[in-house]
Structure formats: C-alpha cells, structure tokens
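File shown: work.json. Contents: JSON, C-alpha atoms.
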```json
[["chain", "number", "residue", "atom", "x", "y", "z"],
["A", 1412, "MET", "CA", 18.13, 26.83, -51.47],
["A", 1413, "LYS", "CA", 20.70, 29.32, -50.23],
["A", 1414, "GLN", "CA", 22.40, 29.10, -46.84],
["A", 1415, "LEU", "CA", 22.96, 32.51, -45.21],
["A", 1416, "GLN", "CA", 25.91, 33.10, -42.93],
["A", 1417, "ILE", "CA", 25.15, 35.87, -40.44],
["A", 1418, "THR", "CA", 28.18, 36.85, -38.42],
["A", 1419, "PRO", "CA", 27.98, 39.45, -35.67],
["A", 1420, "SER", "CA", 30.86, 41.87, -35.23],
["A", 1421, "ILE", "CA", 31.78, 41.91, -31.55],
["A", 1422, "CYS", "CA", 35.14, 43.17, -30.33],
["A", 1423, "GLU", "CA", 36.64, 41.29, -27.38],
["A", 1424, "CYS", "CA", 39.06, 43.60, -25.61],
["A", 1425, "GLN", "CA", 40.61, 44.54, -22.32],
["A", 1426, "ILE", "CA", 39.14, 47.50, -20.48],
["A", 1427, "GLU", "CA", 42.44, 49.39, -20.89],
["A", 1428, "GLU", "CA", 42.00, 49.26, -24.68],
["A", 1429, "LEU", "CA", 38.78, 51.29, -24.50],
["A", 1430, "SER", "CA", 38.47, 55.06, -24.48],
["A", 1431, "SER", "CA", 38.45, 56.84, -21.13],
["A", 1432, "GLN", "CA", 34.76, 57.65, -21.66],
["A", 1433, "GLU", "CA", 33.97, 53.97, -22.20],
["A", 1434, "GLN", "CA", 36.03, 52.96, -19.16],
["A", 1435, "GLN", "CA", 34.18, 55.51, -17.01],
["A", 1436, "LEU", "CA", 30.81, 54.27, -18.23],
["A", 1437, "LEU", "CA", 31.79, 50.68, -17.41],
["A", 1438, "GLN", "CA", 32.84, 51.79, -13.93],
["A", 1439, "GLN", "CA", 29.43, 53.41, -13.44],
["A", 1440, "ALA", "CA", 27.74, 50.17, -14.52],
["A", 1441, "ILE", "CA", 29.85, 48.26, -11.99],
["A", 1442, "GLU", "CA", 28.88, 50.77, -9.28],
["A", 1443, "ALA", "CA", 25.20, 50.36, -10.19],
["A", 1444, "THR", "CA", 25.41, 46.64, -9.35],
["A", 1445, "ASP", "CA", 25.70, 47.66, -5.68],
["A", 1446, "ARG", "CA", 22.19, 49.17, -5.80],
["A", 1447, "SER", "CA", 20.59, 46.10, -7.32],
["A", 1448, "TYR", "CA", 17.68, 44.54, -5.46],
["A", 1449, "ALA", "CA", 18.12, 40.80, -6.05],
["A", 1450, "PRO", "CA", 16.98, 38.88, -2.94],
["A", 1451, "TYR", "CA", 15.85, 35.87, -5.00],
["A", 1452, "SER", "CA", 18.53, 35.29, -7.64],
["A", 1453, "HIS", "CA", 21.38, 37.07, -5.84],
["A", 1454, "PHE", "CA", 22.58, 37.98, -9.34],
["A", 1455, "ARG", "CA", 23.12, 41.73, -9.39],
["A", 1456, "VAL", "CA", 23.26, 43.61, -12.67],
["A", 1457, "GLY", "CA", 24.07, 47.27, -13.27],
["A", 1458, "ALA", "CA", 23.81, 49.45, -16.35],
["A", 1459, "ALA", "CA", 25.02, 52.93, -17.21],
["A", 1460, "LEU", "CA", 23.51, 54.73, -20.18],
["A", 1461, "LEU", "CA", 25.27, 57.71, -21.78],
["A", 1462, "LEU", "CA", 22.92, 60.18, -23.43],
["A", 1463, "ASP", "CA", 23.74, 62.48, -26.33],
["A", 1464, "ASN", "CA", 23.70, 65.47, -23.94],
["A", 1465, "GLY", "CA", 26.46, 63.93, -21.78],
["A", 1466, "VAL", "CA", 24.16, 62.83, -18.93],
["A", 1467, "VAL", "CA", 24.65, 59.30, -17.58],
["A", 1468, "VAL", "CA", 21.58, 57.44, -16.31],
["A", 1469, "GLN", "CA", 22.22, 54.34, -14.20],
["A", 1470, "GLY", "CA", 19.97, 51.35, -13.74],
["A", 1471, "CYS", "CA", 20.05, 48.09, -11.82],
["A", 1472, "ASN", "CA", 17.91, 44.99, -11.70],
["A", 1473, "GLN", "CA", 14.92, 45.06, -9.36],
["A", 1474, "GLU", "CA", 13.43, 41.69, -8.45],
["A", 1475, "ASN", "CA", 9.98, 41.00, -7.07],
["A", 1476, "ALA", "CA", 8.40, 38.00, -5.38],
["A", 1477, "ALA", "CA", 5.60, 38.25, -7.94],
["A", 1478, "PHE", "CA", 7.85, 37.09, -10.79],
["A", 1479, "PRO", "CA", 8.10, 38.47, -13.50],
["A", 1480, "ALA", "CA", 7.17, 41.83, -12.00],
["A", 1481, "GLY", "CA", 10.85, 42.79, -11.61],
["A", 1482, "LEU", "CA", 12.89, 44.62, -14.17],
["A", 1483, "CYS", "CA", 16.37, 44.25, -15.64],
["A", 1484, "ALA", "CA", 19.15, 46.84, -15.25],
["A", 1485, "GLU", "CA", 19.17, 47.73, -18.94],
["A", 1486, "ARG", "CA", 15.48, 48.53, -19.01],
["A", 1487, "THR", "CA", 15.52, 50.51, -15.75],
["A", 1488, "ALA", "CA", 18.25, 52.72, -17.27],
["A", 1489, "LEU", "CA", 16.57, 53.04, -20.68],
["A", 1490, "PHE", "CA", 13.13, 53.72, -19.24],
["A", 1491, "ALA", "CA", 14.44, 56.23, -16.66],
["A", 1492, "ALA", "CA", 16.26, 58.07, -19.46],
["A", 1493, "GLY", "CA", 13.10, 58.05, -21.58],
["A", 1494, "ALA", "CA", 11.07, 59.47, -18.70],
["A", 1495, "GLN", "CA", 13.60, 62.17, -17.77],
["A", 1496, "TYR", "CA", 15.05, 63.02, -21.20],
["A", 1497, "PRO", "CA", 12.43, 61.90, -23.74],
["A", 1498, "ASP", "CA", 13.99, 63.69, -26.72],
["A", 1499, "VAL", "CA", 17.66, 62.94, -26.00],
["A", 1500, "PRO", "CA", 19.04, 59.88, -27.77],
["A", 1501, "PRO", "CA", 21.19, 57.41, -25.84],
["A", 1502, "VAL", "CA", 24.53, 56.78, -27.48],
["A", 1503, "MET", "CA", 26.14, 54.06, -25.36],
["A", 1504, "ILE", "CA", 25.20, 51.54, -22.67],
["A", 1505, "ALA", "CA", 27.54, 49.63, -20.38],
["A", 1506, "ILE", "CA", 26.41, 46.52, -18.50],
["A", 1507, "ALA", "CA", 28.11, 44.66, -15.63],
["A", 1508, "ALA", "CA", 27.03, 41.86, -13.31],
["A", 1509, "ARG", "CA", 27.96, 40.21, -10.02],
["A", 1510, "ASP", "CA", 27.46, 36.49, -9.54],
["A", 1511, "THR", "CA", 25.73, 34.89, -6.58],
["A", 1512, "SER", "CA", 28.93, 35.12, -4.52],
["A", 1513, "GLY", "CA", 29.11, 38.88, -5.14],
["A", 1514, "ARG", "CA", 32.10, 38.78, -7.49],
["A", 1515, "LEU", "CA", 32.04, 40.53, -10.85],
["A", 1516, "THR", "CA", 31.42, 37.95, -13.57],
["A", 1517, "ALA", "CA", 34.54, 36.76, -15.37],
["A", 1518, "LYS", "CA", 32.80, 36.68, -18.75],
["A", 1519, "PRO", "CA", 30.49, 39.43, -20.00],
["A", 1520, "VAL", "CA", 26.78, 38.89, -19.40],
["A", 1521, "SER", "CA", 24.52, 39.47, -22.38],
["A", 1522, "PRO", "CA", 21.14, 41.26, -22.19],
["A", 1523, "CYS", "CA", 18.00, 39.13, -22.09],
["A", 1524, "GLY", "CA", 15.67, 38.98, -25.07],
["A", 1525, "THR", "CA", 13.26, 41.56, -23.69],
["A", 1526, "CYS", "CA", 16.11, 44.03, -23.05],
["A", 1527, "ARG", "CA", 17.41, 43.40, -26.56],
["A", 1528, "GLN", "CA", 13.98, 44.22, -27.96],
["A", 1529, "VAL", "CA", 13.85, 47.45, -25.92],
["A", 1530, "MET", "CA", 17.27, 48.38, -27.32],
["A", 1531, "ILE", "CA", 15.96, 47.72, -30.84],
["A", 1532, "GLU", "CA", 13.03, 50.01, -30.15],
["A", 1533, "THR", "CA", 15.39, 52.68, -28.79],
["A", 1534, "GLU", "CA", 17.59, 52.53, -31.89],
["A", 1535, "THR", "CA", 14.52, 52.64, -34.12],
["A", 1536, "ARG", "CA", 13.04, 55.59, -32.22],
["A", 1537, "PHE", "CA", 16.19, 57.70, -32.48],
["A", 1538, "ARG", "CA", 17.39, 56.24, -35.79],
["A", 1539, "LYS", "CA", 20.93, 55.64, -34.57],
["A", 1540, "PRO", "CA", 22.83, 52.65, -33.26],
["A", 1541, "LEU", "CA", 23.55, 52.23, -29.57],
["A", 1542, "ARG", "CA", 27.13, 51.34, -28.65],
["A", 1543, "ILE", "CA", 27.01, 48.38, -26.25],
["A", 1544, "LEU", "CA", 29.73, 47.46, -23.74],
["A", 1545, "LEU", "CA", 29.43, 44.20, -21.81],
["A", 1546, "TYR", "CA", 31.83, 43.93, -18.87],
["A", 1547, "GLY", "CA", 33.59, 40.83, -17.62],
["A", 1548, "SER", "CA", 36.66, 40.84, -15.38],
["A", 1549, "GLU", "CA", 38.52, 38.77, -18.00],
["A", 1550, "CYS", "CA", 37.40, 40.79, -21.03],
["A", 1551, "VAL", "CA", 34.90, 43.30, -22.38],
["A", 1552, "TYR", "CA", 32.67, 42.79, -25.41],
["A", 1553, "ALA", "CA", 32.09, 45.97, -27.42],
["A", 1554, "MET", "CA", 29.71, 46.32, -30.33],
["A", 1555, "ASP", "CA", 28.10, 49.02, -32.39],
["A", 1556, "GLY", "CA", 24.38, 48.46, -32.39],
["A", 1557, "ILE", "CA", 21.98, 45.86, -31.09],
["A", 1558, "SER", "CA", 21.91, 44.26, -34.54],
["A", 1559, "GLN", "CA", 25.12, 42.48, -33.49],
["A", 1560, "LEU", "CA", 23.09, 40.58, -30.87],
["A", 1561, "MET", "CA", 19.80, 40.52, -32.82],
["A", 1562, "PRO", "CA", 20.72, 40.38, -36.52],
["A", 1563, "LEU", "CA", 17.22, 39.62, -37.84],
["A", 1564, "SER", "CA", 15.25, 42.04, -35.71],
["A", 1565, "PHE", "CA", 11.87, 43.41, -36.71],
["A", 1566, "THR", "CA", 12.51, 47.10, -37.33],
["A", 1567, "GLU", "CA", 12.39, 49.80, -39.98],
["A", 1568, "PHE", "CA", 15.79, 51.26, -38.96]]
```
Structure translated into structure tokens:
Amino acid sequence: MKQLQITPSICECQIEELSSQEQQLLQQAIEATDRSYAPYSHFRVGAALLLDNGVVVQGCNQENAAFPAGLCAERTALFAAGAQYPDVPPVMIAIAARDTSGRLTAKPVSPCGTCRQVMIETETRFRKPLRILLYGSECVYAMDGISQLMPLSFTEF
C-alpha cells in the first residue's frame, strides 16, 4: 500500500503584497458584501469575478426562507458572467465576507463545496485555471486554480 501526500499550494499574504489589479478585485468583492441579502444567517459574502475581456462581474449571497433556494456569492457572479458573457473565460475571482456583527472576517472564508464544484466546471469549460483570492482582514489566501482546494476533483482538465 502506498500513502499519498497531497499538499495544496496556497499563498498567505498581505493585501499590499498583491498586484494592484488583485487589490482592486478584492475591494470590489468587499463592496459586494454590502448588497448581500442575508436576513437569516446575517453572514454576508461578496465576490468579484474578472473576465478575460477586462469586465468585472460582482455577486453576493442571496438567502431565501425556503432553504436551500438561496445562492452563494461565488455562484451568483459565475452564473451572471456565464449569462452575460458566455464565451469569455473568467480569469480571477475574489471573495470576501462579513460576520454576523457586520465586520469583515479576520480569516479568509473558503467557498462551499457546491461553489467549488462550479469553479471546477468553469475551469473545465474554458480549459484554464481560475486565480482565487480569499480575503480576510488579517491575511489573504491566493491560489492558482480550484485544484488547490479540490485536489481530487472529477474533471478532464
């Protein structure tokens, strides 16, 4: 029997260490948290998705009393981009969240399993990795491709 060691490559950095484009995208994700509709969890998440054509599509979580009819910020951004720009690949997504007191989370918040699977499908569809930035007021996690969060994903890419 052979034991496999699978180690994701995630960079923990300060926002100032990122490129100006990455910093701007994170700021747009933070701004998107203000448009979140979260009357049940009071946990507001925002996403900003940069497309290959330079357009940024924002998303935010949308809750619903008929759980699980709501949708996460990452998927609202990815699906809006797919509806408006179906042939333009996304190149980077930034995600930020506010806790139940309304403060930005200290540690980065990771996408849920369903959002991860949608990101896998997006990478597979366009055959290129999606740069992922997860914001926390104490640090930012940056990674190249969803495989860093889902190393054994079911995909042909």
Please, which residues in region 1421-1520 of chain A fall within 8 Å of region 1540-1549 of chain A when counting all atoms listed in the file, and what is the closest atom pair and distance in Å to one decimal for each, ordered by chain then residue number, as a tab-separated table?
```
residue	atom	partner	partner_atom	distance
A:Gln1425	CA	A:Glu1549	CA	7.5
A:Glu1433	CA	A:Leu1544	CA	7.9
A:Leu1437	CA	A:Tyr1546	CA	6.9
A:Pro1501	CA	A:Leu1541	CA	6.8
A:Val1502	CA	A:Leu1541	CA	5.1
A:Met1503	CA	A:Arg1542	CA	4.4
A:Ile1504	CA	A:Ile1543	CA	5.1
A:Ala1505	CA	A:Leu1544	CA	4.6
A:Ile1506	CA	A:Leu1545	CA	5.0
A:Ala1507	CA	A:Tyr1546	CA	5.0
A:Ala1508	CA	A:Tyr1546	CA	7.6
A:Leu1515	CA	A:Ser1548	CA	6.5
A:Thr1516	CA	A:Gly1547	CA	5.4
A:Ala1517	CA	A:Ser1548	CA	4.6
A:Lys1518	CA	A:Gly1547	CA	4.4
A:Pro1519	CA	A:Gly1547	CA	4.2
A:Val1520	CA	A:Leu1545	CA	6.4
```
**OP:** Kindly indicate which residue among A:Asn1475, A:Ser1420, A:Ser1521, A:Ser1564 lies nearest to Pro1450 (chain A), using all atoms listed in the file for the distances.
**Re:** A:Asn1475
Original post:
Can you tell me how far CA of Glu1442 (chain A) sits from CA of Arg1486 (chain A), in Å to one decimal?
Top reply: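 Straight-line distance from CA of Glu1442 (chain A) to CA of Arg1486 (chain A) works out to 16.7 Å.
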**OP:** Excluding Asn1464 (chain A) and any residue of its chain fewer than 4 positions from it, enumerate the residues within 12 Å of it, using all atoms listed in the file, and give them as a list in words.
**Re:** Leu1460, Val1468, Ala1492, Tyr1496, Pro1497, Asp1498, Val1499, Pro1500, Pro1501, Val1502 and Met1503 of chain A
Take the selection from the previous step and output its residues with C-alpha atoms, as a PDB file, keeping the file's coordinate frame.
```pdb
ATOM      1  CA  LEU A1460      23.510  54.730 -20.180  1.00  0.00           C
ATOM      2  CA  VAL A1468      21.580  57.440 -16.310  1.00  0.00           C
ATOM      3  CA  ALA A1492      16.260  58.070 -19.460  1.00  0.00           C
ATOM      4  CA  TYR A1496      15.050  63.020 -21.200  1.00  0.00           C
ATOM      5  CA  PRO A1497      12.430  61.900 -23.740  1.00  0.00           C
ATOM      6  CA  ASP A1498      13.990  63.690 -26.720  1.00  0.00           C
ATOM      7  CA  VAL A1499      17.660  62.940 -26.000  1.00  0.00           C
ATOM      8  CA  PRO A1500      19.040  59.880 -27.770  1.00  0.00           C
ATOM      9  CA  PRO A1501      21.190  57.410 -25.840  1.00  0.00           C
ATOM     10  CA  VAL A1502      24.530  56.780 -27.480  1.00  0.00           C
ATOM     11  CA  MET A1503      26.140  54.060 -25.360  1.00  0.00           C
TER      12      MET A1503
END
```
**OP:** Find the distance between CA of Thr1487 (chain A) and CA of Thr1511 (chain A) and write it in Å to one decimal.
**Re:**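 CA of Thr1487 (chain A) sits 20.8 Å away from CA of Thr1511 (chain A).
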**OP:** Find the residue from A:Arg1509, A:Cys1523, A:Ala1458, A:Phe1490 that sits nearest to Gln1439 (chain A); use only C-alpha atoms when measuring.
**Re:** A:Ala1458
**OP:** Measure the distance from CA of Glu1474 (chain A) to CA of Tyr1448 (chain A) in Å and round it to one decimal.
**Re:**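 Computing the Euclidean distance for CA of Glu1474 (chain A) and CA of Tyr1448 (chain A) yields 5.9 Å.
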